[in-house]
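*Asks:* Dropping in final-v5.txt, with compact mmCIF, C-alpha atoms.
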```
# COMPACT_ATOMS: atom_id res chain seq x y z
CA MET A 10 -58.06 31.66 -59.71
CA THR A 11 -59.55 28.24 -59.07
CA GLY A 12 -57.17 25.51 -57.86
CA SER A 13 -56.99 22.12 -59.50
CA SER A 14 -59.23 19.36 -58.19
CA PRO A 15 -57.67 17.11 -55.57
CA VAL A 16 -56.50 13.72 -56.78
CA PRO A 17 -58.93 10.98 -55.67
CA MET A 18 -57.27 8.42 -53.42
CA ILE A 19 -57.51 4.78 -52.42
CA GLU A 20 -57.20 4.40 -48.64
CA ALA A 21 -56.85 0.87 -47.31
CA ALA A 22 -56.06 -0.56 -43.87
CA PHE A 23 -56.58 -4.20 -42.92
CA GLY A 24 -55.51 -6.17 -39.90
CA GLY A 25 -56.12 -9.57 -38.40
CA ARG A 26 -55.02 -13.20 -38.33
CA LEU A 27 -55.67 -15.85 -40.98
CA GLY A 28 -54.47 -19.17 -39.62
CA THR A 29 -50.89 -18.50 -38.53
CA PHE A 30 -50.49 -15.41 -40.72
CA ASP A 31 -50.83 -11.92 -39.24
CA LEU A 32 -51.71 -8.99 -41.50
CA ASP A 33 -51.33 -5.37 -40.47
CA ALA A 34 -51.19 -3.40 -43.70
CA ALA A 35 -52.20 0.19 -44.47
CA PHE A 36 -51.52 2.44 -47.46
CA THR A 37 -52.90 5.42 -49.34
CA VAL A 38 -52.30 5.70 -53.10
CA PRO A 39 -53.82 7.72 -55.96
CA ALA A 40 -57.00 6.30 -57.51
CA ARG A 41 -55.40 6.51 -60.94
CA GLY A 42 -52.71 4.68 -62.82
CA VAL A 43 -51.19 1.35 -61.77
CA THR A 44 -50.17 0.69 -58.18
CA ALA A 45 -48.10 -2.46 -57.72
CA LEU A 46 -48.23 -4.45 -54.49
CA PHE A 47 -44.75 -5.94 -54.47
CA GLY A 48 -42.96 -8.31 -52.16
CA PRO A 49 -41.89 -11.92 -51.67
CA SER A 50 -44.36 -14.79 -51.86
CA GLY A 51 -46.41 -15.09 -48.68
CA CYS A 52 -46.04 -11.46 -47.61
CA GLY A 53 -49.80 -10.73 -47.77
CA LYS A 54 -50.24 -9.12 -51.19
CA THR A 55 -53.08 -11.38 -52.33
CA THR A 56 -54.77 -11.15 -48.92
CA VAL A 57 -54.85 -7.36 -49.24
CA LEU A 58 -56.32 -7.66 -52.74
CA ARG A 59 -59.01 -10.06 -51.50
CA CYS A 60 -59.84 -7.63 -48.67
CA MET A 61 -60.21 -4.84 -51.25
CA ALA A 62 -62.67 -7.01 -53.17
CA GLY A 63 -64.58 -8.03 -50.04
CA LEU A 64 -63.68 -11.70 -50.60
CA THR A 65 -61.82 -11.82 -47.28
CA ARG A 66 -63.17 -9.93 -44.30
CA LEU A 67 -60.71 -8.54 -41.78
CA ALA A 68 -60.99 -5.53 -39.49
CA GLY A 69 -60.10 -2.26 -41.11
CA SER A 70 -61.23 0.23 -43.71
CA CYS A 71 -61.40 0.61 -47.47
CA ILE A 72 -62.25 3.93 -49.11
CA VAL A 73 -62.03 4.31 -52.89
CA ALA A 74 -62.25 7.82 -54.35
CA GLY A 75 -64.23 9.00 -51.31
CA GLU A 76 -66.66 6.05 -51.36
CA VAL A 77 -66.64 3.92 -48.21
CA TRP A 78 -66.58 0.20 -48.93
CA GLN A 79 -65.61 -0.78 -45.40
CA ASP A 80 -65.18 0.89 -42.04
CA ALA A 81 -66.20 0.21 -38.43
CA ALA A 82 -69.90 0.48 -39.35
CA THR A 83 -69.93 -0.61 -43.00
CA PHE A 84 -69.04 -3.68 -44.99
CA ARG A 85 -70.10 -3.66 -48.61
CA PRO A 86 -70.30 -7.24 -49.95
CA THR A 87 -68.30 -8.22 -53.02
CA HIS A 88 -71.24 -8.08 -55.44
CA HIS A 89 -71.85 -4.45 -54.43
CA ARG A 90 -68.25 -3.36 -54.98
CA PRO A 91 -67.54 -2.07 -58.51
CA VAL A 92 -64.35 -4.11 -58.99
CA GLY A 93 -62.97 -6.22 -61.79
CA TYR A 94 -60.77 -9.10 -60.67
CA VAL A 95 -58.14 -10.87 -62.78
CA PHE A 96 -56.73 -14.04 -61.23
CA GLN A 97 -53.54 -15.97 -61.97
CA GLU A 98 -55.50 -18.38 -64.16
CA ALA A 99 -57.79 -17.11 -66.91
CA SER A 100 -60.63 -19.53 -65.96
CA LEU A 101 -62.58 -18.96 -69.17
CA PHE A 102 -65.85 -20.77 -69.81
CA ALA A 103 -64.99 -23.64 -72.17
CA HIS A 104 -68.49 -23.75 -73.74
CA LEU A 105 -68.46 -20.03 -74.66
CA ASP A 106 -66.52 -18.40 -77.48
CA VAL A 107 -64.28 -15.38 -76.85
CA ARG A 108 -67.06 -12.86 -77.52
CA ARG A 109 -69.42 -14.45 -74.98
CA ASN A 110 -66.63 -14.89 -72.43
CA LEU A 111 -65.87 -11.18 -72.74
CA LEU A 112 -69.50 -10.25 -72.25
CA TYR A 113 -70.06 -12.58 -69.30
CA GLY A 114 -70.76 -10.31 -66.33
CA ALA A 115 -71.15 -7.16 -68.40
CA PRO A 116 -74.09 -5.03 -67.23
CA ARG A 117 -77.12 -4.89 -69.51
CA VAL A 118 -77.48 -1.15 -68.91
CA LEU A 119 -74.14 0.54 -69.41
CA PRO A 120 -73.12 3.42 -67.13
CA PRO A 121 -72.12 6.83 -68.53
CA GLN A 122 -68.63 6.79 -70.06
CA ALA A 123 -68.69 3.00 -70.22
CA ILE A 124 -65.75 1.10 -71.65
CA ALA A 125 -66.88 -0.03 -75.09
CA PHE A 126 -66.64 -3.65 -76.22
CA ASP A 127 -64.90 -2.68 -79.47
CA GLU A 128 -62.34 -0.58 -77.58
CA VAL A 129 -61.45 -3.46 -75.26
CA ALA A 130 -61.15 -5.86 -78.20
CA ARG A 131 -58.89 -3.40 -80.01
CA LEU A 132 -56.68 -2.55 -77.03
CA LEU A 133 -56.15 -6.21 -76.16
CA GLY A 134 -55.74 -7.42 -79.74
CA LEU A 135 -58.80 -9.68 -79.57
CA ALA A 136 -60.80 -8.47 -82.57
CA GLY A 137 -59.69 -11.41 -84.72
CA LEU A 138 -60.32 -13.99 -82.01
CA LEU A 139 -63.95 -13.30 -81.06
CA ASP A 140 -65.40 -16.46 -82.59
CA ARG A 141 -62.76 -18.83 -81.23
CA ALA A 142 -63.27 -21.33 -78.42
CA PRO A 143 -60.91 -21.03 -75.40
CA HIS A 144 -59.14 -24.33 -76.24
CA HIS A 145 -57.99 -22.77 -79.52
CA LEU A 146 -56.25 -19.89 -77.70
CA SER A 147 -52.69 -19.61 -76.45
CA GLY A 148 -52.01 -18.95 -72.77
CA GLY A 149 -51.37 -15.25 -73.43
CA GLU A 150 -54.56 -14.94 -75.49
CA ARG A 151 -56.63 -16.57 -72.75
CA GLN A 152 -55.25 -14.16 -70.17
CA ARG A 153 -55.98 -11.19 -72.41
CA VAL A 154 -59.60 -12.39 -72.65
CA ALA A 155 -59.72 -12.61 -68.83
CA VAL A 156 -58.49 -9.02 -68.57
CA GLY A 157 -61.07 -7.88 -71.14
CA ARG A 158 -63.87 -9.70 -69.30
CA ALA A 159 -62.94 -7.90 -66.07
CA LEU A 160 -62.88 -4.52 -67.83
CA LEU A 161 -66.29 -5.04 -69.45
CA THR A 162 -67.93 -5.42 -66.04
CA GLN A 163 -67.37 -1.62 -66.00
CA PRO A 164 -65.36 -1.56 -62.73
CA ARG A 165 -64.21 1.53 -60.88
CA LEU A 166 -61.18 -0.40 -59.64
CA LEU A 167 -59.33 -3.23 -61.41
CA LEU A 168 -57.63 -5.83 -59.19
CA MET A 169 -54.98 -8.02 -60.82
CA ASP A 170 -53.51 -10.90 -58.80
CA GLU A 171 -50.24 -11.98 -60.43
CA PRO A 172 -51.93 -12.22 -63.84
CA LEU A 173 -48.70 -13.23 -65.61
CA SER A 174 -47.31 -15.69 -63.07
CA ALA A 175 -48.66 -18.76 -64.89
CA LEU A 176 -47.09 -17.70 -68.20
CA ASP A 177 -43.61 -18.43 -69.53
CA SER A 178 -41.20 -15.56 -70.16
CA ALA A 179 -41.90 -15.39 -73.90
CA THR A 180 -45.66 -15.18 -73.32
CA LYS A 181 -45.14 -12.52 -70.64
CA ASP A 182 -43.18 -10.46 -73.16
CA GLU A 183 -46.08 -10.90 -75.58
CA ILE A 184 -48.78 -9.70 -73.17
CA LEU A 185 -46.95 -6.86 -71.38
CA PRO A 186 -47.30 -4.39 -74.29
CA PHE A 187 -51.08 -4.95 -74.24
CA LEU A 188 -51.19 -4.14 -70.51
CA GLU A 189 -49.08 -1.03 -71.13
CA ARG A 190 -51.54 -0.04 -73.83
CA LEU A 191 -54.48 -0.36 -71.40
CA HIS A 192 -52.57 1.73 -68.89
CA ALA A 193 -52.08 4.49 -71.46
CA ALA A 194 -55.65 4.44 -72.80
CA LEU A 195 -57.94 3.88 -69.79
CA GLU A 196 -58.56 5.86 -66.62
CA ILE A 197 -59.41 2.92 -64.34
CA PRO A 198 -57.09 2.63 -61.33
CA VAL A 199 -55.34 -0.74 -61.05
CA LEU A 200 -53.97 -2.59 -58.03
CA TYR A 201 -51.47 -5.07 -59.45
CA VAL A 202 -50.01 -7.85 -57.30
CA THR A 203 -46.64 -9.28 -58.34
CA HIS A 204 -43.29 -10.48 -57.04
CA ASP A 205 -41.64 -9.83 -60.42
CA MET A 206 -39.71 -6.55 -60.44
CA GLY A 207 -39.62 -6.59 -64.24
CA GLU A 208 -43.41 -6.26 -64.36
CA VAL A 209 -43.27 -3.43 -61.82
CA GLU A 210 -40.68 -1.57 -63.89
CA ARG A 211 -42.80 -1.89 -67.02
CA LEU A 212 -46.25 -1.07 -65.63
CA ALA A 213 -46.35 0.62 -62.23
CA ASP A 214 -46.72 4.30 -61.39
CA HIS A 215 -46.83 3.75 -57.64
CA LEU A 216 -45.52 0.99 -55.42
CA VAL A 217 -46.61 -0.58 -52.14
CA LEU A 218 -43.65 -2.54 -50.79
CA MET A 219 -44.76 -5.38 -48.50
CA ASP A 220 -42.95 -7.82 -46.23
CA LYS A 221 -44.27 -10.29 -43.63
CA GLY A 222 -47.78 -8.86 -43.62
CA ARG A 223 -46.66 -5.25 -43.22
CA VAL A 224 -46.27 -2.30 -45.59
CA ARG A 225 -42.61 -1.39 -45.63
CA ALA A 226 -43.12 1.73 -47.77
CA SER A 227 -45.44 3.19 -50.38
CA GLY A 228 -45.09 6.00 -52.88
CA PRO A 229 -44.15 6.82 -56.49
CA LEU A 230 -42.20 3.99 -58.07
CA ALA A 231 -39.00 5.93 -58.82
CA THR A 232 -38.97 7.42 -55.31
CA LEU A 233 -38.95 3.99 -53.68
CA GLN A 234 -36.50 2.55 -56.21
CA SER A 235 -33.97 5.29 -55.44
CA ASP A 236 -34.32 5.24 -51.64
CA PRO A 237 -31.11 3.73 -50.21
CA ALA A 238 -32.91 2.90 -46.95
CA LEU A 239 -35.13 0.37 -48.76
CA PRO A 240 -34.11 -3.09 -49.98
CA LEU A 241 -34.81 -2.31 -53.65
CA ALA A 242 -31.74 -0.10 -53.91
CA ALA A 243 -29.53 -2.75 -52.28
CA GLY A 244 -30.53 -5.57 -54.64
CA ARG A 245 -28.23 -6.82 -57.38
CA ALA A 246 -30.82 -5.77 -59.99
CA ALA A 247 -31.35 -2.29 -58.50
CA GLY A 248 -32.40 0.38 -60.95
CA VAL A 249 -34.76 3.31 -61.45
CA SER A 250 -37.63 3.59 -63.93
CA PHE A 251 -38.68 6.79 -65.69
CA ASP A 252 -41.49 7.89 -67.98
CA ALA A 253 -39.44 9.71 -70.58
CA VAL A 254 -40.86 12.00 -73.26
CA ILE A 255 -39.92 11.47 -76.90
CA GLU A 256 -38.27 14.62 -78.26
CA GLY A 257 -37.34 13.40 -81.72
CA GLN A 258 -35.34 10.95 -83.78
CA ASP A 259 -31.83 10.84 -85.22
CA ALA A 260 -32.86 9.04 -88.39
CA ASP A 261 -29.31 8.66 -89.70
CA TYR A 262 -28.27 6.53 -86.73
CA GLY A 263 -31.62 5.05 -85.65
CA LEU A 264 -31.52 6.80 -82.27
CA MET A 265 -34.52 8.13 -80.33
CA ARG A 266 -34.10 11.33 -78.29
CA LEU A 267 -35.82 11.13 -74.89
CA ALA A 268 -36.06 13.57 -71.99
CA ILE A 269 -36.54 13.17 -68.25
CA ARG A 270 -36.21 15.84 -65.57
CA GLY A 271 -32.58 16.99 -65.60
CA GLY A 272 -31.37 14.95 -68.55
CA HIS A 273 -31.68 13.75 -72.13
CA PHE A 274 -30.91 10.37 -73.70
CA LEU A 275 -30.11 8.90 -77.08
CA VAL A 276 -31.40 5.33 -77.29
CA PRO A 277 -31.44 2.89 -80.24
CA ALA A 278 -35.14 2.57 -81.10
CA ALA A 279 -37.62 2.74 -83.94
CA PRO A 280 -39.26 6.15 -84.47
CA GLY A 281 -42.04 7.16 -82.09
CA LEU A 282 -44.44 10.06 -81.80
CA VAL A 283 -42.99 13.29 -80.46
CA GLY A 284 -44.51 14.05 -77.06
CA ALA A 285 -45.41 10.40 -76.35
CA ARG A 286 -44.08 8.77 -73.20
CA ARG A 287 -41.86 5.71 -73.09
CA ARG A 288 -40.89 3.77 -69.97
CA LEU A 289 -37.16 3.32 -69.54
CA THR A 290 -35.12 1.76 -66.74
CA ILE A 291 -31.51 2.44 -65.82
CA SER A 292 -29.74 -0.20 -63.74
CA ALA A 293 -27.37 0.95 -60.99
CA GLY A 294 -24.67 -1.32 -62.40
CA ASP A 295 -24.84 0.51 -65.75
CA VAL A 296 -23.95 3.91 -64.23
CA SER A 297 -20.39 5.08 -63.54
CA LEU A 298 -19.38 8.43 -62.02
CA SER A 299 -16.68 10.92 -62.95
CA LEU A 300 -15.66 14.23 -61.37
CA GLU A 301 -14.97 15.74 -64.80
CA ARG A 302 -16.80 15.37 -68.06
CA PRO A 303 -15.26 12.32 -69.75
CA SER A 304 -13.58 12.57 -73.12
CA PRO A 305 -15.63 11.27 -76.08
CA SER A 306 -16.19 7.53 -75.98
CA THR A 307 -18.65 4.89 -77.14
CA ILE A 308 -20.93 5.81 -74.22
CA LEU A 309 -23.57 8.11 -75.73
CA ASN A 310 -25.27 9.34 -72.57
CA VAL A 311 -23.31 11.42 -70.07
CA LEU A 312 -25.43 13.52 -67.69
CA GLU A 313 -24.60 16.20 -65.16
CA GLY A 314 -25.70 15.48 -61.63
CA ARG A 315 -25.04 15.85 -57.94
CA ILE A 316 -24.59 13.19 -55.27
CA LEU A 317 -27.56 13.31 -52.91
CA ASP A 318 -27.10 10.23 -50.73
CA VAL A 319 -25.06 7.06 -50.33
CA SER A 320 -25.24 3.74 -48.55
CA GLN A 321 -22.71 0.94 -48.15
CA THR A 322 -24.49 -1.97 -49.79
CA ARG A 323 -21.71 -4.50 -49.15
CA PRO A 324 -18.28 -4.29 -47.51
CA GLN A 325 -16.68 -3.44 -50.85
CA GLU A 326 -19.58 -1.65 -52.57
CA MET A 327 -21.49 1.63 -52.35
CA THR A 328 -24.88 2.55 -53.78
CA VAL A 329 -24.97 6.23 -54.72
CA VAL A 330 -28.09 8.34 -55.30
CA VAL A 331 -27.50 10.97 -58.00
CA GLY A 332 -29.90 13.84 -58.67
CA LEU A 333 -29.74 14.85 -62.32
CA GLY A 334 -29.04 18.41 -63.43
CA ALA A 335 -26.32 20.82 -62.31
CA ASP A 336 -28.16 21.43 -59.03
CA GLY A 337 -29.26 17.82 -58.55
CA GLY A 338 -32.92 18.84 -58.67
CA GLY A 339 -33.96 16.53 -61.50
CA ASP A 340 -34.90 12.86 -61.51
CA ARG A 341 -32.79 10.52 -59.40
CA LEU A 342 -30.83 7.51 -60.51
CA LEU A 343 -28.60 5.00 -58.75
CA ALA A 344 -24.92 4.22 -59.35
CA ARG A 345 -23.13 1.15 -58.01
CA VAL A 346 -19.44 1.89 -57.29
CA THR A 347 -16.70 0.14 -55.34
CA ARG A 348 -15.72 1.52 -51.96
CA ARG A 349 -12.19 1.95 -53.29
CA SER A 350 -13.39 4.19 -56.15
CA TRP A 351 -15.53 6.17 -53.69
CA ASP A 352 -12.50 6.85 -51.49
CA LEU A 353 -9.97 7.48 -54.29
CA LEU A 354 -12.21 10.06 -55.99
CA GLY A 355 -13.17 11.67 -52.69
CA LEU A 356 -16.84 11.32 -53.50
CA ALA A 357 -19.32 12.72 -50.99
CA PRO A 358 -22.93 13.93 -50.81
CA GLY A 359 -23.27 17.37 -52.41
CA LEU A 360 -20.46 16.82 -54.89
CA ALA A 361 -21.07 17.55 -58.59
CA VAL A 362 -20.45 14.55 -60.88
CA HIS A 363 -20.98 13.31 -64.40
CA ALA A 364 -22.99 10.11 -64.70
CA GLN A 365 -22.03 7.87 -67.61
CA ILE A 366 -24.99 5.70 -68.63
CA LYS A 367 -23.63 2.55 -70.28
CA SER A 368 -27.03 1.03 -71.10
CA VAL A 369 -30.69 2.06 -71.05
CA ALA A 370 -33.53 -0.50 -71.03
CA LEU A 371 -36.37 0.89 -73.12
CA ALA A 372 -39.69 -0.95 -72.86
CA ASP A 373 -40.91 -2.36 -76.15
CA PRO A 374 -44.25 -0.62 -76.81
CA GLY A 375 -45.52 -3.41 -79.04
CA PRO A 376 -47.22 -2.80 -82.38
CA ALA A 377 -49.86 -0.36 -81.17
CA ARG A 378 -48.67 1.73 -78.24
CA ASP A 379 -47.93 5.14 -79.64
CA GLY A 380 -49.60 7.46 -77.19
CA ASP A 381 -50.27 11.07 -77.97
CA GLY A 382 -48.11 13.40 -79.98
CA VAL A 383 -47.12 14.27 -83.51
CA SER A 384 -44.80 12.51 -85.89
CA PRO A 385 -41.20 13.71 -85.76
```
Could you rewrite the structure in this file as structure tokens?
*Replies:*
Amino acid sequence: MTGSSPVPMIEAAFGGRLGTFDLDAAFTVPARGVTALFGPSGCGKTTVLRCMAGLTRLAGSCIVAGEVWQDAATFRPTHHRPVGYVFQEASLFAHLDVRRNLLYGAPRVLPPQAIAFDEVARLLGLAGLLDRAPHHLSGGERQRVAVGRALLTQPRLLLMDEPLSALDSATKDEILPFLERLHAALEIPVLYVTHDMGEVERLADHLVLMDKGRVRASGPLATLQSDPALPLAAGRAAGVSFDAVIEGQDADYGLMRLAIRGGHFLVPAAPGLVGARRRLTISAGDVSLSLERPSPSTILNVLEGRILDVSQTRPQEMTVVVGLGADGGGDRLLARVTRRSWDLLGLAPGLAVHAQIKSVALADPGPARDGDGVSP
């Protein structure tokens, strides 16, 4: 029996000084999906991205899906690296319409399995804007054109440097479903720089957590979110994100049925396609714990679980890691409880509990993100 092919990886390690800033960052992540480089401003995220593109040269190595772009003997210049780069500002050419901006930089001879112009226009909602000049576009539309232009260069790696940071919150909410749609439809790996955890929760599969020029941790998003040794779990907005699978719809009450490993949810939502995936996030502050199954209440989602770990976040507060399922072997979520409740209930790692989920944040897929599956 033949084993499955190994997952191609992105291996990066860069070190050196730029002015007064020292960078010593290394990580290995899958060359698929979206990897977010996350951390406070000035921690080195953009420097790492520029090193990946060859725009900044520091000592180190960069290997993408087995192809060496940089090592001790090699440095491939930027124009020989198959990357698309999306900056904070769209920087469209004012004298070109949307169509010609999209095609600027596109190769004349397309590679096999090239990303088609019509597909990019459809995925980014640009088909009705192709003849417009940039000054007739909104900020979100301009940034969508910038993303499309980067994709049509036919990159093997897409680099996005805080592409939503110059947009207001309403425009961010407008563009995020389009980025989710690209994520679902295209196979190009993405390195996505941000200091906005909301963007990470919506888009990322993997996370590289950076601080002061160093990589604090890297791995699957939910794994890092639920690690009590990392600062994400201690934050006031701590939560865990899941890619849940649509199981069906309770049409009478307008509730979608979703499944993750070890649990099922009912969430108010419009119908979706059975088998499609939807990103949901559960905040630690929206989870309470009980030793016995609670009596019926207005809380729809009560899941069996087992306490796996705990940390004292503040003098009066504990952050609890709960593994879902009777044996605790399913997905992990966080619960924020007072130290008094922890002591009064005699909670401890290994103990079986029921997690009451007061609220579930379900990402809005926008008008055209259905994914695969069949209608319920």
*Asks:* How many Å separate CA of Ala81 (chain A) from CA of Ala68 (chain A)?
*Replies:*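 Distance reported for this atom pair: 7.8 Å.
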*Asks:* I'd like the contact shell of Val57 (chain A) - 9 Å cut-off, all atoms listed in the file, skipping same-chain residues fewer than 4 positions apart - returned as a PDB file with C-alpha atoms, keeping the file's coordinate frame.
*Replies:*
```pdb
ATOM      1  CA  ALA A  21     -56.850   0.870 -47.310  1.00  0.00           C
ATOM      2  CA  ALA A  22     -56.060  -0.560 -43.870  1.00  0.00           C
ATOM      3  CA  PHE A  23     -56.580  -4.200 -42.920  1.00  0.00           C
ATOM      4  CA  LEU A  32     -51.710  -8.990 -41.500  1.00  0.00           C
ATOM      5  CA  ALA A  34     -51.190  -3.400 -43.700  1.00  0.00           C
ATOM      6  CA  LEU A  46     -48.230  -4.450 -54.490  1.00  0.00           C
ATOM      7  CA  GLY A  53     -49.800 -10.730 -47.770  1.00  0.00           C
ATOM      8  CA  MET A  61     -60.210  -4.840 -51.250  1.00  0.00           C
ATOM      9  CA  ALA A  62     -62.670  -7.010 -53.170  1.00  0.00           C
ATOM     10  CA  THR A  65     -61.820 -11.820 -47.280  1.00  0.00           C
TER      11      THR A  65
END
```
*Asks:* Would you work out the distance separating CA of Gly339 (chain A) from CA of Arg315 (chain A), expressed in Å to one decimal?
*Replies:*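 Interatomic distance here is 9.6 Å.
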*Asks:* Which is closest to Val73 (chain A) among A:Arg165, A:Arg158, A:Arg117, A:Lys181, if we use only C-alpha atoms?
*Replies:*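 That would be A:Arg165, the residue with the smallest distance to Val73 (chain A).
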*Asks:* Could the centre and edge lengths of an axis-aligned box, enclosing all atoms of region 185-200 of chain A in the file with 6 Å extra on each side, be given in Å to one decimal as AutoDock Vina command-line options?
*Replies:*
```
--center_x -53.2 --center_y -0.5 --center_z -66.2 --size_x 24.5 --size_y 24.7 --size_z 28.3
```
*Asks:* What is the distance between CA of Leu312 (chain A) and CA of Gly332 (chain A), in Å to one decimal?
*Replies:*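 The value is 10.1 Å.
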*Asks:* Mind checking which residues fall within 7 Å of Ser297 (chain A), counting all atoms listed in the file, ignoring those fewer than 2 positions away in the same chain, and posting them as a ChimeraX atom specification?
*Replies:* /A:295,299,344,364-366
*Asks:* Ranking A:Val330, A:Val38, A:Leu67, A:Ala242 by minimum distance to Pro229 (chain A) and counting all atoms listed in the file, which one comes first?
*Replies:* A:Val38
*Asks:* Excluding Ala357 (chain A) and any residue of its chain fewer than 5 positions from it, enumerate the residues within 12 Å of it, using only C-alpha atoms, and give them as a PyMOL selection string.
*Replies:* chain A and resi 298+300+315-320+327-331+348+350-352+362
*Asks:* Given all atoms listed in the file as the basis, pick out the residue of A:Gly294, A:Pro120, A:Pro17, A:Gly157 nearest to Glu76 (chain A).
*Replies:* A:Pro17
*Asks:* With all atoms listed in the file as the atoms that count, which of A:Ser50, A:Ser100, A:Thr347, A:Asn110 lies nearest to Thr322 (chain A)?
*Replies:*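 Once distances to Thr322 (chain A) are computed over all atoms listed in the file, the minimum belongs to A:Thr347.
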*Asks:* Would you save region 261-314 of chain A from the block above with C-alpha atoms, as a PDB file, in the first residue's frame?
*Replies:*
```pdb
ATOM      1  CA  ASP A 261     -38.236  25.645  11.645  1.00  0.00           C
ATOM      2  CA  TYR A 262     -35.943  27.628  13.939  1.00  0.00           C
ATOM      3  CA  GLY A 263     -33.341  28.928  11.462  1.00  0.00           C
ATOM      4  CA  LEU A 264     -30.513  26.990  13.111  1.00  0.00           C
ATOM      5  CA  MET A 265     -27.509  25.448  11.347  1.00  0.00           C
ATOM      6  CA  ARG A 266     -26.106  22.155  12.662  1.00  0.00           C
ATOM      7  CA  LEU A 267     -22.298  22.097  12.704  1.00  0.00           C
ATOM      8  CA  ALA A 268     -19.781  19.479  13.832  1.00  0.00           C
ATOM      9  CA  ILE A 269     -16.220  19.648  15.138  1.00  0.00           C
ATOM     10  CA  ARG A 270     -14.181  16.834  16.665  1.00  0.00           C
ATOM     11  CA  GLY A 271     -15.958  15.801  19.866  1.00  0.00           C
ATOM     12  CA  GLY A 272     -18.989  18.051  19.585  1.00  0.00           C
ATOM     13  CA  HIS A 273     -21.928  19.453  17.653  1.00  0.00           C
ATOM     14  CA  PHE A 274     -23.446  22.941  17.608  1.00  0.00           C
ATOM     15  CA  LEU A 275     -26.714  24.632  16.754  1.00  0.00           C
ATOM     16  CA  VAL A 276     -26.062  28.170  15.514  1.00  0.00           C
ATOM     17  CA  PRO A 277     -28.492  30.770  14.117  1.00  0.00           C
ATOM     18  CA  ALA A 278     -27.527  31.026  10.434  1.00  0.00           C
ATOM     19  CA  ALA A 279     -28.915  30.939   6.924  1.00  0.00           C
ATOM     20  CA  PRO A 280     -28.858  27.521   5.225  1.00  0.00           C
ATOM     21  CA  GLY A 281     -25.537  26.285   3.858  1.00  0.00           C
ATOM     22  CA  LEU A 282     -24.375  23.290   1.867  1.00  0.00           C
ATOM     23  CA  VAL A 283     -24.070  20.038   3.774  1.00  0.00           C
ATOM     24  CA  GLY A 284     -20.415  19.035   3.991  1.00  0.00           C
ATOM     25  CA  ALA A 285     -19.129  22.603   3.525  1.00  0.00           C
ATOM     26  CA  ARG A 286     -16.837  24.081   6.150  1.00  0.00           C
ATOM     27  CA  ARG A 287     -17.552  27.206   8.169  1.00  0.00           C
ATOM     28  CA  ARG A 288     -15.115  28.981  10.463  1.00  0.00           C
ATOM     29  CA  LEU A 289     -16.415  29.528  13.971  1.00  0.00           C
ATOM     30  CA  THR A 290     -14.768  30.986  17.077  1.00  0.00           C
ATOM     31  CA  ILE A 291     -15.671  30.366  20.703  1.00  0.00           C
ATOM     32  CA  SER A 292     -14.463  32.933  23.230  1.00  0.00           C
ATOM     33  CA  ALA A 293     -13.194  31.706  26.596  1.00  0.00           C
ATOM     34  CA  GLY A 294     -15.535  34.139  28.339  1.00  0.00           C
ATOM     35  CA  ASP A 295     -18.541  32.500  26.654  1.00  0.00           C
ATOM     36  CA  VAL A 296     -17.836  29.052  28.149  1.00  0.00           C
ATOM     37  CA  SER A 297     -18.939  27.953  31.625  1.00  0.00           C
ATOM     38  CA  LEU A 298     -18.287  24.560  33.229  1.00  0.00           C
ATOM     39  CA  SER A 299     -20.516  22.215  35.196  1.00  0.00           C
ATOM     40  CA  LEU A 300     -19.808  18.849  36.833  1.00  0.00           C
ATOM     41  CA  GLU A 301     -23.268  17.566  35.861  1.00  0.00           C
ATOM     42  CA  ARG A 302     -25.287  18.069  32.735  1.00  0.00           C
ATOM     43  CA  PRO A 303     -27.283  21.262  33.319  1.00  0.00           C
ATOM     44  CA  SER A 304     -31.059  21.267  33.254  1.00  0.00           C
ATOM     45  CA  PRO A 305     -32.652  22.674  30.073  1.00  0.00           C
ATOM     46  CA  SER A 306     -32.054  26.379  29.607  1.00  0.00           C
ATOM     47  CA  THR A 307     -31.771  29.008  26.892  1.00  0.00           C
ATOM     48  CA  ILE A 308     -28.199  27.841  26.214  1.00  0.00           C
ATOM     49  CA  LEU A 309     -28.472  25.555  23.180  1.00  0.00           C
ATOM     50  CA  ASN A 310     -24.978  24.088  23.135  1.00  0.00           C
ATOM     51  CA  VAL A 311     -23.799  21.926  26.026  1.00  0.00           C
ATOM     52  CA  LEU A 312     -20.861  19.623  25.251  1.00  0.00           C
ATOM     53  CA  GLU A 313     -19.187  16.825  27.148  1.00  0.00           C
ATOM     54  CA  GLY A 314     -15.508  17.295  27.810  1.00  0.00           C
TER      55      GLY A 314
END
```
